[in-house]
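K.L.:
Starting off with a structure, shown below.
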Amino acid sequence: MGRTKNLRRVLEDIRDGRHREAYALFLIGVVLVILGLTGVVSGTVMLSAILLALTLQVFHTTQEGNREPALDQVLAGREKFGAFNQLLPGVRDLRIYGPTAATLLVYAGDIREVVLRAGGQVRVMVLADDQPTRTLAAIQLDDIMDLDHNLRNSLATLRKLASERGFSCRQLPINPGFGLVIVNADDPGGDVIFESHGFKDDNITNRMHIIIRRNDSPRWFSYWVTRFEAMWETGQPLPDISPGPADGTVARPRSVEEAPAGSAMPPGTSPSPL
């Protein structure tokens, strides 16, 4: 898993134009070592190649002022993300909070097949379905979103997933102003995707995202994992689903009769992670 994460990071760096010179010099160094050990090239050729590499590096330093600001490489928009189900292979621990998590629960079938039925655990939190909570959240969130409709569709989907081993869900009585997706929290290659909700965004695609990899920042990775746990402890199980343990091992409906009929999952395949 760790090697896969590292390879993915290298590919992302190359795609986004980060550290290209470092990767190029690394490859040149590997080639020179191989050629030198095998006696394919002379010492003069190797020295010339080394000087060329150093010259390119010095030239690159003169171009730093034309680069995209480093902060814009950290702060991303939703356009940076592909479809959510592309994230799921290899996931054994998935934790989600969103006011409705509607754009993620579109992939409920993939979550069930790829994560839950492979022995993984999934915990999902959404807003509580009561008028005071929805009213306060609607003040903050964008006007174009039908919060009531999306939330109730999401709750119907969560009730359908509740019979799956490893799944549990809760409702939060207040929107903290951000969304979270945590992947493999106890794995050295774990990720946190943080989404800021802003205030009255014109479009949900405008929201700022930060990807925090455990390898890059153990401190802030652990911070947001801990915040999720605090939110989970504050949240309450859905009224018609029996409370599950905090580790999300099993959560099942009390009876078929008690579970309300669910409507279809919300349409759309937004690439948003939240």
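Chains: A, B, ... in order of the structure tokens. Residues: from 1 per chain. Ligands: from 1, in order shown.
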Skip Thr100 of chain A itself and residues of its chain fewer than 5 positions away, then list as a ChimeraX atom specification all residues within 8 Å of it, counting only C-alpha atoms.

P.N.:
/A:126-127,147,150-151,154

K.L.:
Go ahead and save the residues from that selection, with N, CA and C atoms, as a PDB file, in the first residue's frame.

P.N.:
```
ATOM      1  N   VAL A 126     -23.818  12.608   8.656  1.00  0.00           N
ATOM      2  CA  VAL A 126     -24.516  13.679   7.946  1.00  0.00           C
ATOM      3  C   VAL A 126     -25.239  14.522   8.990  1.00  0.00           C
ATOM      4  N   LEU A 127     -25.891  15.572   8.542  1.00  0.00           N
ATOM      5  CA  LEU A 127     -26.629  16.422   9.467  1.00  0.00           C
ATOM      6  C   LEU A 127     -27.861  15.714  10.018  1.00  0.00           C
ATOM      7  N   LEU A 147     -31.125  21.309   0.247  1.00  0.00           N
ATOM      8  CA  LEU A 147     -30.602  20.612   1.417  1.00  0.00           C
ATOM      9  C   LEU A 147     -31.573  19.558   1.923  1.00  0.00           C
ATOM     10  N   ASN A 150     -31.745  16.513  -0.545  1.00  0.00           N
ATOM     11  CA  ASN A 150     -30.508  15.735  -0.566  1.00  0.00           C
ATOM     12  C   ASN A 150     -30.298  14.977   0.733  1.00  0.00           C
ATOM     13  N   LEU A 151     -30.612  15.627   1.855  1.00  0.00           N
ATOM     14  CA  LEU A 151     -30.413  14.981   3.151  1.00  0.00           C
ATOM     15  C   LEU A 151     -31.322  13.771   3.301  1.00  0.00           C
ATOM     16  N   SER A 154     -30.130  10.972   1.199  1.00  0.00           N
ATOM     17  CA  SER A 154     -28.934  10.365   1.790  1.00  0.00           C
ATOM     18  C   SER A 154     -29.292   9.476   2.975  1.00  0.00           C
TER      19      SER A 154
END
```

K.L.:
Please list as a PyMOL selection string every residue within 7 Å of segment 175-177 of chain A, counting only C-alpha atoms and excluding residues in the same chain fewer than 6 positions away.

P.N.:
chain A and resi 99+127+137+196-197

K.L.:
At a cut-off of 10 Å, using only C-alpha atoms, what residues contact Val115 of chain A? Leave out same-chain residues fewer than 6 positions from it and give the result as a PDB file with N, CA and C atoms, in the first residue's frame.

P.N.:
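Generated file (part07.pdb):
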```pdb
ATOM      1  N   LEU A  88     -11.550   4.201  -4.020  1.00  0.00           N
ATOM      2  CA  LEU A  88     -11.939   3.110  -3.127  1.00  0.00           C
ATOM      3  C   LEU A  88     -11.057   1.862  -3.156  1.00  0.00           C
ATOM      4  N   PRO A  89     -10.493   1.447  -4.292  1.00  0.00           N
ATOM      5  CA  PRO A  89      -9.665   0.235  -4.273  1.00  0.00           C
ATOM      6  C   PRO A  89      -8.538   0.344  -3.239  1.00  0.00           C
ATOM      7  N   GLY A  90      -8.418  -0.672  -2.394  1.00  0.00           N
ATOM      8  CA  GLY A  90      -7.400  -0.671  -1.359  1.00  0.00           C
ATOM      9  C   GLY A  90      -7.816  -0.017  -0.061  1.00  0.00           C
ATOM     10  N   VAL A  91      -9.006   0.592  -0.023  1.00  0.00           N
ATOM     11  CA  VAL A  91      -9.471   1.256   1.196  1.00  0.00           C
ATOM     12  C   VAL A  91     -10.060   0.211   2.147  1.00  0.00           C
ATOM     13  N   ARG A  92      -9.597   0.237   3.384  1.00  0.00           N
ATOM     14  CA  ARG A  92     -10.128  -0.662   4.407  1.00  0.00           C
ATOM     15  C   ARG A  92     -10.761   0.093   5.566  1.00  0.00           C
ATOM     16  N   ASP A  93     -10.584   1.383   5.588  1.00  0.00           N
ATOM     17  CA  ASP A  93     -11.157   2.221   6.646  1.00  0.00           C
ATOM     18  C   ASP A  93     -11.541   3.545   6.008  1.00  0.00           C
ATOM     19  N   LEU A  94     -12.840   3.809   5.898  1.00  0.00           N
ATOM     20  CA  LEU A  94     -13.340   5.010   5.248  1.00  0.00           C
ATOM     21  C   LEU A  94     -14.229   5.763   6.222  1.00  0.00           C
ATOM     22  N   GLY A 109     -23.148   1.841  -3.893  1.00  0.00           N
ATOM     23  CA  GLY A 109     -22.935   0.479  -4.376  1.00  0.00           C
ATOM     24  C   GLY A 109     -21.458   0.126  -4.415  1.00  0.00           C
ATOM     25  N   GLN A 121     -14.245  -1.193   6.915  1.00  0.00           N
ATOM     26  CA  GLN A 121     -15.176  -0.469   7.779  1.00  0.00           C
ATOM     27  C   GLN A 121     -15.466   0.904   7.185  1.00  0.00           C
ATOM     28  N   VAL A 122     -16.703   1.316   7.323  1.00  0.00           N
ATOM     29  CA  VAL A 122     -17.132   2.621   6.805  1.00  0.00           C
ATOM     30  C   VAL A 122     -17.977   3.304   7.873  1.00  0.00           C
ATOM     31  N   GLY A 166     -19.757  -3.914   9.141  1.00  0.00           N
ATOM     32  CA  GLY A 166     -18.680  -2.938   9.035  1.00  0.00           C
ATOM     33  C   GLY A 166     -19.155  -1.524   8.799  1.00  0.00           C
ATOM     34  N   PHE A 167     -20.494  -1.336   8.659  1.00  0.00           N
ATOM     35  CA  PHE A 167     -21.011   0.000   8.362  1.00  0.00           C
ATOM     36  C   PHE A 167     -21.731   0.577   9.569  1.00  0.00           C
TER      37      PHE A 167
END
```

K.L.:
Using only C-alpha atoms, pick whichever of A:Arg165, A:Arg134, A:Arg78, A:Arg123 has the shortest atom-to-atom distance to His209 of chain A.

P.N.:
A:Arg78

K.L.:
Tell me which of A:Pro173, A:Gly82, A:Gly120, A:Gly189 sits closest to Pro237 of chain A, counting only C-alpha atoms.

P.N.:
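Checking each of A:Pro173, A:Gly82, A:Gly120, A:Gly189 against Pro237 of chain A, counting only C-alpha atoms, the winner is A:Pro173.
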
K.L.:
What's the 9 Å shell around Gly77 of chain A, counting only C-alpha atoms, without same-chain residues fewer than 6 positions away, as a list in words?

P.N.:
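Result of the neighbour search: Glu195, Thr205, Asn206, Arg207, Met208, His209, Ile210 and Ser272 of chain A.
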
K.L.:
For atom CA of Glu229 of chain A and atom CA of Glu164 of chain A, quote the distance in Å rounded to one decimal.

P.N.:
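Atom CA of Glu229 of chain A sits 21.3 Å away from atom CA of Glu164 of chain A.
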
K.L.:
Considering only C-alpha atoms, state which residue in the set A:Ile193, A:Ala138, A:Ala83, A:Leu180 is at the smallest distance from Asp110 of chain A.

P.N.:
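Ranking A:Ile193, A:Ala138, A:Ala83, A:Leu180 by distance to Asp110 of chain A, first place goes to A:Ala83.
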